[in-house]
Every structure is written in C-alpha cells, then in structure tokens.
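Chemist: Data file target13.txt (compact mmCIF, C-alpha atoms) is appended below.
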```txt
# COMPACT_ATOMS: atom_id res chain seq x y z
CA MET H 739 139.08 96.48 58.71
CA SER H 740 136.28 94.25 57.33
CA PRO H 741 133.01 96.13 56.76
CA MET H 742 131.23 93.53 58.92
CA GLN H 743 133.59 93.29 61.89
CA PRO H 744 133.01 94.23 65.55
CA VAL H 745 135.61 96.64 66.82
CA ASP H 746 137.92 94.64 69.10
CA ARG H 747 139.78 96.34 71.95
CA ASP H 748 142.12 95.39 74.74
CA GLY H 749 140.07 94.60 77.86
CA ALA H 750 141.72 97.17 80.19
CA ALA H 751 141.68 99.92 77.58
CA ARG H 752 138.05 99.14 76.80
CA ALA H 753 137.08 99.34 80.48
CA ASP H 754 138.85 102.69 80.83
CA GLU H 755 137.11 104.03 77.74
CA GLY H 756 133.76 102.76 78.98
CA ALA H 757 134.26 104.48 82.32
CA ALA H 758 135.10 107.72 80.54
CA ARG H 759 132.40 107.65 77.89
CA PHE H 760 129.52 105.78 79.53
CA GLY H 761 130.12 105.84 83.27
CA GLY H 762 131.39 102.25 83.34
CA GLN H 763 128.30 100.82 81.58
CA PRO H 764 128.95 97.96 79.12
CA PHE H 765 129.09 98.83 75.45
CA ALA H 766 130.05 97.39 72.07
CA GLU H 767 130.93 98.88 68.72
CA VAL H 768 130.27 97.39 65.31
CA GLU H 769 131.29 98.94 62.02
CA ARG H 770 129.34 97.79 58.99
CA ASP H 771 128.50 99.17 55.56
CA GLY H 772 130.19 102.44 56.40
CA VAL H 773 128.16 102.89 59.59
CA ARG H 774 129.60 102.81 63.12
CA PHE H 775 127.06 101.43 65.58
CA VAL H 776 127.72 102.15 69.27
CA LEU H 777 125.63 99.83 71.45
CA LEU H 778 125.21 101.05 75.03
CA GLY H 779 124.10 98.28 77.41
CA THR H 780 121.88 99.49 80.23
CA ALA H 781 119.97 98.16 83.22
CA HIS H 782 116.31 99.16 83.04
CA VAL H 783 116.21 99.85 86.79
CA SER H 784 119.47 101.76 87.28
CA ARG H 785 120.13 105.44 87.83
CA ALA H 786 123.69 104.82 86.59
CA SER H 787 122.25 103.81 83.22
CA VAL H 788 120.26 107.05 83.02
CA GLU H 789 123.41 109.01 83.81
CA ALA H 790 125.34 107.05 81.17
CA VAL H 791 122.78 107.98 78.52
CA GLU H 792 122.85 111.61 79.58
CA GLN H 793 126.64 111.56 79.42
CA ALA H 794 126.70 109.89 76.01
CA LEU H 795 124.46 112.53 74.47
CA ALA H 796 125.73 115.55 76.42
CA GLY H 797 128.82 116.30 74.36
CA ASP H 798 129.54 116.43 70.67
CA ALA H 799 130.00 112.72 70.00
CA GLY H 800 128.95 113.07 66.37
CA TYR H 801 125.93 110.78 66.49
CA ASP H 802 123.45 111.36 63.69
CA LEU H 803 120.85 108.79 64.84
CA VAL H 804 119.69 107.53 68.25
CA ALA H 805 117.97 104.13 68.57
CA VAL H 806 116.24 102.70 71.64
CA GLU H 807 114.96 99.28 72.70
CA LEU H 808 111.30 100.29 72.44
CA ASP H 809 108.39 99.65 70.14
CA ALA H 810 105.78 102.28 69.29
CA GLN H 811 103.38 101.07 71.99
CA ARG H 812 105.89 101.15 74.85
CA HIS H 813 107.31 104.45 73.63
CA ALA H 814 103.82 105.97 73.77
CA ALA H 815 103.29 104.55 77.27
CA LEU H 816 106.53 106.15 78.47
CA ASN H 817 105.96 109.54 76.90
CA ASP H 818 102.18 109.92 76.71
CA PRO H 819 100.39 108.86 79.91
CA ASP H 820 97.06 109.76 78.30
CA ALA H 821 97.51 107.28 75.42
CA MET H 822 95.65 104.55 77.33
CA ALA H 823 92.65 106.84 77.77
CA ARG H 824 92.20 107.01 73.99
CA LEU H 825 92.06 103.24 73.63
CA ASP H 826 88.98 101.75 71.95
CA LEU H 827 88.33 98.86 74.32
CA LEU H 828 85.44 97.53 72.23
CA GLN H 829 87.77 97.22 69.25
CA VAL H 830 90.38 95.45 71.41
CA ILE H 831 87.80 92.84 72.45
CA ARG H 832 86.29 92.41 68.98
CA SER H 833 89.69 91.96 67.35
CA GLY H 834 90.72 89.23 69.77
CA ARG H 835 93.54 91.27 71.33
CA THR H 836 92.22 91.00 74.89
CA PRO H 837 94.93 88.53 76.06
CA VAL H 838 97.69 90.75 74.64
CA PHE H 839 96.15 93.81 76.30
CA ALA H 840 95.99 91.92 79.59
CA ALA H 841 99.64 90.86 79.22
CA ASN H 842 100.58 94.51 78.71
CA LEU H 843 98.71 95.43 81.87
CA GLY H 844 100.51 92.68 83.76
CA LEU H 845 103.84 94.07 82.53
CA ALA H 846 102.75 97.59 83.51
CA ALA H 847 101.79 96.39 87.01
CA TYR H 848 105.18 94.68 87.37
CA GLN H 849 106.95 97.85 86.29
CA ARG H 850 104.90 99.91 88.71
CA ARG H 851 105.93 97.67 91.62
CA LEU H 852 109.56 98.06 90.56
CA ALA H 853 109.19 101.84 90.37
CA GLU H 854 107.66 102.04 93.84
CA GLN H 855 110.27 99.71 95.34
CA LEU H 856 113.37 101.20 93.68
CA GLY H 857 112.32 104.82 93.28
CA ILE H 858 113.04 104.83 89.53
CA GLU H 859 110.75 104.18 86.61
CA PRO H 860 111.77 101.07 84.62
CA GLY H 861 112.98 102.20 81.21
CA ALA H 862 113.91 105.67 82.44
CA GLU H 863 117.18 105.49 80.50
CA LEU H 864 115.27 104.80 77.26
CA LYS H 865 113.03 107.78 77.93
CA ALA H 866 116.10 109.92 78.63
CA ALA H 867 117.66 108.85 75.32
CA ALA H 868 114.49 109.79 73.44
CA MET H 869 114.30 113.20 75.15
CA ARG H 870 117.97 114.02 74.55
CA ALA H 871 117.68 112.99 70.90
CA ALA H 872 114.74 115.38 70.48
CA GLU H 873 116.64 118.21 72.19
CA ARG H 874 119.60 117.73 69.84
CA GLY H 875 117.41 117.43 66.76
CA LEU H 876 118.49 113.84 66.12
CA PRO H 877 116.15 111.27 64.57
CA LEU H 878 114.91 108.60 66.98
CA ALA H 879 114.54 104.97 65.89
CA LEU H 880 112.28 102.56 67.80
CA VAL H 881 113.98 99.28 66.97
CA ASP H 882 112.32 96.70 69.23
CA ARG H 883 109.63 94.33 68.01
CA ASP H 884 106.02 95.03 68.96
CA VAL H 885 105.38 93.43 72.34
CA GLY H 886 102.09 91.93 71.10
CA VAL H 887 103.93 90.13 68.30
CA THR H 888 106.50 88.85 70.78
CA PHE H 889 103.74 87.59 73.10
CA ARG H 890 101.89 85.81 70.25
CA ARG H 891 105.07 84.21 68.91
CA ALA H 892 106.06 83.15 72.42
CA LEU H 893 102.73 81.39 72.95
CA ALA H 894 102.87 79.83 69.47
CA SER H 895 106.28 78.34 70.30
CA LEU H 896 104.83 76.35 73.21
CA GLY H 897 102.66 73.28 73.40
CA PHE H 898 99.23 73.24 75.03
CA TRP H 899 100.54 72.76 78.57
CA GLY H 900 103.28 75.31 78.05
CA ARG H 901 100.72 77.89 76.94
CA ALA H 902 98.51 77.02 79.89
CA LYS H 903 101.42 77.38 82.32
CA ILE H 904 102.65 80.70 80.96
CA SER H 905 99.10 82.09 80.69
CA ALA H 906 98.41 81.09 84.28
CA GLY H 907 101.67 82.73 85.36
CA LEU H 908 100.82 85.96 83.56
CA LEU H 909 97.30 85.89 84.99
CA MET H 910 98.69 85.48 88.51
CA SER H 911 101.08 88.37 87.89
CA LEU H 912 98.06 90.60 87.35
CA PHE H 913 97.11 90.17 91.00
CA ALA H 914 100.55 90.06 92.60
CA ASP H 915 101.25 93.03 94.86
CA GLU H 916 104.27 91.78 96.79
CA GLU H 917 107.69 93.35 96.43
CA VAL H 918 109.94 92.17 93.63
CA SER H 919 112.67 89.94 95.05
CA GLU H 920 116.30 91.03 95.21
CA ALA H 921 117.19 88.10 92.93
CA ASP H 922 114.80 89.36 90.24
CA ILE H 923 116.18 92.87 90.54
CA GLU H 924 119.72 91.57 90.05
CA LYS H 925 118.56 89.67 86.96
CA LEU H 926 117.01 92.87 85.62
CA LYS H 927 120.33 94.66 85.90
CA SER H 928 121.86 92.32 83.35
CA GLY H 929 118.79 90.93 81.61
CA ASP H 930 115.59 92.05 79.95
CA MET H 931 112.24 93.35 81.20
CA LEU H 932 110.16 90.87 79.21
CA GLU H 933 112.36 87.96 80.25
CA SER H 934 112.05 88.97 83.88
CA SER H 935 108.26 89.33 83.67
CA PHE H 936 107.93 85.79 82.27
CA GLY H 937 109.94 84.54 85.25
CA ASP H 938 112.07 81.42 85.52
CA PHE H 939 109.91 79.70 82.89
CA ALA H 940 111.60 81.83 80.21
CA ARG H 941 115.06 80.71 81.26
CA GLU H 942 114.02 77.06 81.51
CA ASN H 943 112.24 76.87 78.15
CA PRO H 944 114.50 77.22 75.08
CA ALA H 945 111.62 77.94 72.68
CA LEU H 946 110.24 80.70 74.88
CA TYR H 947 113.71 82.16 75.44
CA ARG H 948 114.26 82.32 71.70
CA SER H 949 110.97 84.19 71.18
CA ILE H 950 111.50 86.84 73.84
CA ILE H 951 115.28 87.30 73.68
CA ALA H 952 117.13 85.72 70.72
CA GLU H 953 114.56 86.71 68.10
CA ARG H 954 114.47 90.26 69.37
CA ASP H 955 118.28 90.45 69.19
CA GLU H 956 118.05 89.50 65.52
CA TYR H 957 115.11 91.84 64.92
CA MET H 958 116.80 94.85 66.53
CA ALA H 959 120.00 94.29 64.56
CA ALA H 960 118.01 94.29 61.32
CA ALA H 961 116.06 97.37 62.43
CA LEU H 962 119.30 99.21 63.20
CA ARG H 963 120.69 98.41 59.76
CA GLU H 964 117.46 99.46 58.05
CA THR H 965 116.97 102.73 59.93
CA ALA H 966 120.61 103.70 59.37
CA GLN H 967 120.05 103.25 55.63
CA VAL H 968 116.78 105.20 55.66
CA HIS H 969 118.31 108.18 57.50
CA GLY H 970 121.67 107.99 55.79
CA ALA H 971 123.29 107.75 59.23
CA ARG H 972 126.99 107.10 59.71
CA HIS H 973 127.28 107.15 63.51
CA VAL H 974 124.48 105.51 65.49
CA LEU H 975 123.98 105.29 69.26
CA ALA H 976 121.72 102.39 70.26
CA VAL H 977 120.52 102.19 73.88
CA LEU H 978 119.67 98.57 74.69
CA GLY H 979 119.19 96.40 77.74
CA ALA H 980 122.49 94.82 78.74
CA GLY H 981 121.02 91.37 78.11
CA HIS H 982 120.74 92.17 74.41
CA LEU H 983 124.19 93.68 73.95
CA LYS H 984 126.10 90.57 72.89
CA GLY H 985 123.35 89.18 70.65
CA VAL H 986 122.62 92.41 68.79
CA ALA H 987 126.33 93.06 68.24
CA ALA H 988 126.81 89.56 66.80
CA HIS H 989 123.84 89.88 64.44
CA LEU H 990 124.94 93.33 63.33
CA ALA H 991 128.31 91.93 62.35
CA GLU H 992 127.10 88.68 60.78
CA GLN H 993 123.63 89.21 59.26
CA ARG H 994 123.57 88.71 55.51
CA GLU H 995 119.83 88.59 54.94
CA ALA H 996 118.19 91.88 53.88
CA PRO H 997 116.91 93.83 56.91
CA ASP H 998 113.31 94.04 55.67
CA ALA H 999 113.29 90.28 55.06
CA VAL H 1000 114.57 89.60 58.60
CA ARG H 1001 111.92 91.81 60.16
CA ALA H 1002 109.12 90.36 58.01
CA ARG H 1003 110.12 86.83 59.00
CA LEU H 1004 110.21 87.70 62.70
CA ILE H 1005 106.80 89.36 62.89
CA GLU H 1006 104.89 86.45 61.39
CA THR H 1007 102.93 84.38 63.88
CA PRO H 1008 103.58 80.69 63.27
CA GLN H 1009 100.35 79.08 62.16
CA GLY H 1010 99.34 75.66 63.30
CA SER H 1011 96.75 73.60 61.53
CA ARG H 1012 93.99 75.70 60.02
CA ILE H 1013 91.55 72.93 60.82
CA PRO H 1014 90.14 73.37 64.36
CA TRP H 1015 90.57 69.73 65.32
CA PHE H 1016 89.77 70.24 68.99
CA THR H 1017 86.54 72.10 68.24
CA ILE H 1018 85.53 69.48 65.68
CA ALA H 1019 86.24 66.63 68.11
CA LEU H 1020 84.31 68.39 70.87
CA ALA H 1021 81.35 69.07 68.56
CA VAL H 1022 81.30 65.43 67.43
CA LEU H 1023 81.40 64.26 71.04
CA VAL H 1024 78.68 66.64 72.22
CA PHE H 1025 76.25 66.35 69.30
CA GLY H 1026 77.01 62.64 68.94
CA GLY H 1027 76.25 62.18 72.62
CA PHE H 1028 72.97 64.05 72.32
CA ALA H 1029 71.97 61.98 69.27
CA TRP H 1030 72.93 58.73 70.99
CA GLY H 1031 70.99 59.74 74.09
CA PHE H 1032 67.80 60.54 72.17
CA TRP H 1033 68.18 57.35 70.10
CA GLN H 1034 68.89 55.00 73.01
CA GLY H 1035 66.89 56.55 75.82
CA GLY H 1036 64.46 58.85 74.10
CA VAL H 1037 63.62 62.28 75.40
CA ASP H 1038 64.50 61.40 78.97
CA LEU H 1039 68.15 60.42 78.38
CA GLY H 1040 68.77 62.81 75.50
CA GLY H 1041 67.17 65.69 77.38
CA ALA H 1042 69.17 64.87 80.49
CA LEU H 1043 72.47 64.98 78.57
CA LEU H 1044 71.49 68.24 76.90
CA LEU H 1045 70.42 69.79 80.19
CA HIS H 1046 73.61 68.70 81.93
CA TRP H 1047 75.76 70.27 79.17
CA VAL H 1048 73.84 73.53 79.31
CA LEU H 1049 73.91 73.75 83.08
CA ALA H 1050 77.57 72.73 83.44
CA THR H 1051 78.89 75.19 80.88
CA GLY H 1052 76.29 77.92 81.37
CA PHE H 1053 76.35 77.93 85.17
CA LEU H 1054 80.15 77.86 85.48
CA GLY H 1055 80.60 80.49 82.77
CA ALA H 1056 78.04 82.72 84.51
CA LEU H 1057 79.71 82.03 87.86
CA GLY H 1058 83.05 83.22 86.49
CA CYS H 1059 81.39 86.38 85.21
CA ALA H 1060 79.72 86.94 88.59
CA ILE H 1061 83.03 86.51 90.45
CA ALA H 1062 84.45 89.18 88.12
CA GLY H 1063 81.70 91.55 89.29
CA GLY H 1064 79.85 91.43 85.98
CA HIS H 1065 76.63 93.32 85.27
CA PRO H 1066 73.49 91.12 85.50
CA LEU H 1067 73.13 91.26 81.72
CA SER H 1068 76.78 90.22 81.33
CA ILE H 1069 76.12 87.25 83.61
CA LEU H 1070 73.06 86.35 81.54
CA ALA H 1071 75.09 86.67 78.34
CA ALA H 1072 77.75 84.38 79.83
CA PHE H 1073 75.11 81.78 80.75
CA VAL H 1074 73.51 81.83 77.29
CA SER H 1075 76.75 81.85 75.28
CA SER H 1076 78.80 79.36 77.30
CA PRO H 1077 77.03 76.20 76.02
CA ILE H 1078 77.39 77.43 72.41
CA THR H 1079 80.78 79.14 72.03
CA PRO H 1080 82.92 76.04 72.81
CA LEU H 1081 81.51 74.56 69.61
CA HIS H 1082 82.52 77.61 67.55
CA PRO H 1083 86.22 77.88 66.61
CA ALA H 1084 86.36 81.69 66.50
CA LEU H 1085 84.20 82.74 69.45
CA ALA H 1086 84.62 82.68 73.21
CA SER H 1087 82.05 83.15 75.95
CA GLY H 1088 84.43 85.61 77.61
CA THR H 1089 84.35 87.78 74.51
CA VAL H 1090 80.54 87.85 74.53
CA SER H 1091 80.24 88.71 78.22
CA ALA H 1092 83.05 91.28 78.03
CA LEU H 1093 81.37 93.02 75.09
CA VAL H 1094 78.10 93.21 77.02
CA GLU H 1095 79.96 94.45 80.11
CA THR H 1096 81.65 97.16 78.04
CA TRP H 1097 78.31 98.19 76.56
CA MET H 1098 76.55 98.30 79.95
CA ARG H 1099 79.41 99.85 81.95
CA LYS H 1100 81.47 101.81 79.49
CA PRO H 1101 84.83 102.77 81.04
CA THR H 1102 85.28 106.46 81.72
CA TYR H 1103 88.30 108.64 81.07
CA ALA H 1104 89.03 108.46 84.80
CA ASP H 1105 89.08 104.65 84.68
CA PHE H 1106 91.75 104.69 81.98
CA MET H 1107 93.78 107.34 83.79
CA ALA H 1108 93.66 105.38 87.06
CA LEU H 1109 94.33 102.03 85.38
CA ARG H 1110 98.07 101.84 86.06
CA ASP H 1111 97.57 102.53 89.77
CA ASP H 1112 94.52 100.29 90.13
CA VAL H 1113 96.10 97.19 88.59
CA ALA H 1114 98.87 97.41 91.16
CA THR H 1115 96.44 96.11 93.83
CA VAL H 1116 94.03 93.18 93.86
CA ARG H 1117 91.09 95.36 94.98
CA GLY H 1118 91.84 97.83 92.22
CA TRP H 1119 91.16 95.21 89.55
CA TRP H 1120 87.52 95.02 90.65
CA ARG H 1121 87.21 98.77 91.25
CA ASN H 1122 88.38 99.89 87.80
CA ARG H 1123 85.94 99.27 84.95
CA VAL H 1124 88.67 98.56 82.40
CA SER H 1125 90.40 95.89 84.45
CA ARG H 1126 87.04 94.48 85.56
CA ILE H 1127 86.16 93.90 81.89
CA LEU H 1128 89.38 91.93 81.52
CA LEU H 1129 88.51 89.89 84.60
CA ASN H 1130 85.11 89.29 83.04
CA PHE H 1131 86.75 87.95 79.88
CA PHE H 1132 89.21 85.64 81.65
CA LEU H 1133 87.00 84.32 84.46
CA THR H 1134 84.02 83.72 82.17
CA SER H 1135 86.27 81.86 79.74
CA LEU H 1136 87.82 79.88 82.60
CA GLY H 1137 84.41 78.94 84.01
CA THR H 1138 83.22 77.82 80.58
CA ALA H 1139 86.37 75.74 80.07
CA ILE H 1140 85.79 73.95 83.38
CA GLY H 1141 82.17 73.46 82.37
CA VAL H 1142 83.21 71.96 79.03
CA TRP H 1143 85.49 69.54 80.86
CA THR H 1144 82.71 68.56 83.29
CA GLY H 1145 79.96 68.31 80.67
CA GLY H 1146 82.19 66.49 78.18
CA LEU H 1147 83.23 63.87 80.75
CA SER H 1148 79.59 63.32 81.68
CA ILE H 1149 78.63 62.67 78.05
CA LEU H 1150 81.69 60.45 77.53
CA ARG H 1151 80.86 58.34 80.56
CA ARG H 1152 77.38 57.72 79.17
CA LEU H 1153 78.79 56.77 75.76
CA VAL H 1154 81.24 54.21 77.15
```
Using structure tokens, write down the structure that the file contains.
Modeler:
Amino acid sequence: MSPMQPVDRDGAARADEGAARFGGQPFAEVERDGVRFVLLGTAHVSRASVEAVEQALAGDAGYDLVAVELDAQRHAALNDPDAMARLDLLQVIRSGRTPVFAANLGLAAYQRRLAEQLGIEPGAELKAAAMRAAERGLPLALVDRDVGVTFRRALASLGFWGRAKISAGLLMSLFADEEVSEADIEKLKSGDMLESSFGDFARENPALYRSIIAERDEYMAAALRETAQVHGARHVLAVLGAGHLKGVAAHLAEQREAPDAVRARLIETPQGSRIPWFTIALAVLVFGGFAWGFWQGGVDLGGALLLHWVLATGFLGALGCAIAGGHPLSILAAFVSSPITPLHPALASGTVSALVETWMRKPTYADFMALRDDVATVRGWWRNRVSRILLNFFLTSLGTAIGVWTGGLSILRRLV
C-alpha cells in the first residue's frame, strides 16, 4: 500500500464496520508515513455522535493520540466556564480585537439557542473525546485553526460590500432569539458550526466558503500530521465535524508541503494596501472643503462647513453611544472623538467610547459569568456590562459612519 493512500473498502463492508465501531457514524481512514489516521465524522448537535465517540474510546482500540476539531479558545470555553471571567476586556479593546470578540459572542449565543432547543450542548462529542482521552492518559491534540484567524481571513477575502453584509449579519445574530430552523439543524448534522453561523452567505460566496471550510480542512490535515510526528503516534483518532471528513482525508493523503509551512501560510491575514487610501481621500475632502470654504466665503462659510461636520459626526456618534446605554462620559467621549477619528487610519470612535465605558463601568465577575445567558436575549445585551460595552463600540462606530457620510456629502455638495 502507498504510504499516502486512503484505505479503500467495499461500501457494504464499510457500512457494517462503521455500525460496529462507531454506531453508524461516517468515518475515513488514511495511512501515511507509518501513521494510521482514523477520522470520525460527527454532527455537533447529535447524541448519536457523543455515543459514537464514547464507543470508539471505550475499548482497547490501540489509539495513542486523540485529536479534536477545536482550537485552544473553544476548548477552554467547553471545559472552563470561568475562562471568560478572567478576560482582560480593556486589552481586547486596545488591541483591536473587539469585532472578533463580538463574533465569538454571536457564535456562543447561537450555540446556546441550539442547546436550549435540542437539549444537547453543541460540540458535546468533542468535549467527550477530550474527557475520554484524559481518562485513558492519551495526549489530546487541538487541530482546528483559531476562530479569530478564520474570522479575519474570511473578512479579508471579501470586498467592501461583502464585509458589510457579513458584519451586518453577524451583528443581527447577536440579537436573534428565535428558534433555529429545522433546515439549519439538518445542515448542522452534515456541515460545520462556523458555516452554519455565517448562514447561506457562506454557501453562496466561494471566497468565504474557502476561508471557513476548505482552508480549515487543509489546516487540520497539516496539524494532524505535525502532532503525530511530535508525539510519535502511530494510531490517531480524529473527531471532526462530518462536513470536514472528506476534505481532511483528501489533504492527509495528498499534502506534500511541510505541515508547519501549511499552518504558517493559513494563519497569515492577507494584507491589502498599506496606504489608507480611504482615510487619505476623506481627509483631503474634509480639510480641502474647510480650506475652500474659508477662502471663498470667509469665516461664515468655512465655519458653517466645520460646524456641520462636527455636529453630523459628533451628534450621530454620541447618539449611537446613548442608544447603547453608555455612561454620560462615554457619550461625551463619543461626541468629541467622532469628528476626529474618521481622519485617523488606526483609531475608531467606538474604541474611544468603549474604553471610557469600561473605565467608568468596569464589568464585574458576575457580568462575565452571566454573559452567555444574557446574550441569548435582546434585553440581556443592555443589562450585562460586558455586552453593553460591545454595543457601545458598534453603535458609536455606526453612528459616526453615518455622520461621516452625511457630513462628507454636505461638503461635497458645496464643492461642486
């Protein structure tokens, strides 16, 4: 047998073996470089998948490594409910990771609705695999790519309108509290949690699909090869969502690039132009408009343009902060920063107001502990200090963006 060849079996015999070994759940086997990889495909919302994992690790199957479709962050969320309470929210805001944190909360809210509707925690089979590996003294490999990296690469793969559409969809998912449809549940049984949370847009957009599914197939295959080498494993059980089974098996059999090189390539965030053309164009328009106004109409026209810009951006930014339930000082910070931050490529009015909100109303341990429950309802987003800070960031930024559009059009009309 070739060292890079999937194990091929007769369909009926394979089905019988799957029923015996994994309770009828789909699986694949790939033998490469002296290592036999058994890939168990699961549904993240199925009790049968949990039972299949339990069955796979109950006897003496000879596995010397267990791998799961998790990254360190999601693994911690599954196994350490208090991990969120130790989060440094100020550092999250300062480092520009607020959108990624919000996306994680949206995913958590979606999972919570699934858990309440179906009576099983999404990813329970992955948690079971990790627990059984620990009980048997087997090393556990977390082979999925960091969800923040996946989110950033997904956004980078889209154009401006694509990013706006997906961001709006994720933002709306933060407030959704309706039941998950039967169609979405069926897709989850054979798909992927991230794909499902992005909705139909992921299936309709090839670039986005590649970022959240195809790239992760390639990444997990490389991670499996690398961890098997590190641990000297010869028989590996990998528990993956059924939607990844075919792709990971193919990459395991066919990859020729070194595993570390594959992973390094797939965690880079594609960089666009380093020159902030939009900010430069906006600054030229705004400052050019002010200069033209003072030159053509003196203090009256120039002052009017300046005042309109300040009021349009400042008022709407402050209004967004107020709708988010911001502290009076946060609202003031939003008003002062909104006319300025659009002209700075690395600063957002939402960041300024959210930092002030965090300073004035520092989230408590109880806020973090209640976060998962609170984000499951619309009212809870305003009640919880952590989620309210995120609302502050997004709604202030949204108000400022509308203000920039309004103020910029006003200046442009005067110029032409």
Chemist: Which polymer residues have any atom within 9 Å of an atom of H:Val977, counting only C-alpha atoms, with same-chain residues fewer than 6 positions away left out, as a list of chain:residue names?
Modeler: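 After dropping sequence-adjacent residues, the list is H:Val776, H:Leu777, H:Leu778, H:Gly779, H:Thr780, H:Val791, H:Val804, H:Ala805, H:Val806, H:Glu807, H:Glu863, H:Leu864, H:Ala867.
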Chemist: Report, in Å to a single decimal, how far apart atom CA of H:Trp1119 and atom CA of H:Gly857 are.
Modeler: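 So the answer is 23.5 Å.
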Chemist: Which of these residues is nearest to H:Ser1075, using all atoms listed in the file: H:Gln1034, H:Thr1017, H:Gln855, H:Thr1138?
Modeler: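 Closest to H:Ser1075 of all the choices is H:Thr1138.
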Chemist: Tell me which of H:Leu825, H:Val1094, H:Ala1062, H:Leu1081 sits closest to H:Val1116, counting only C-alpha atoms.
Modeler: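 With only C-alpha atoms as the atom set, the closest residue is H:Ala1062.
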Chemist: Between H:Gly1031, H:Arg972, H:Ile1127, H:Gly861, which residue has the minimum interatomic distance to H:Gly800, considering all atoms listed in the file?
Modeler: H:Arg972
Chemist: Under the rule that all atoms listed in the file are counted, which of H:Ala894, H:Ala810, H:Ala1060, H:Ala1139 is the nearest residue to H:Trp1120?
Modeler: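 Closest to H:Trp1120 of all the choices is H:Ala1060.
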Chemist: Kindly indicate which residue among H:Ala799, H:Leu1004, H:Ala971, H:Leu1109 lies nearest to H:Arg874, using only C-alpha atoms for the distances.
Modeler: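 Smallest separation from H:Arg874 among the options: H:Ala799.
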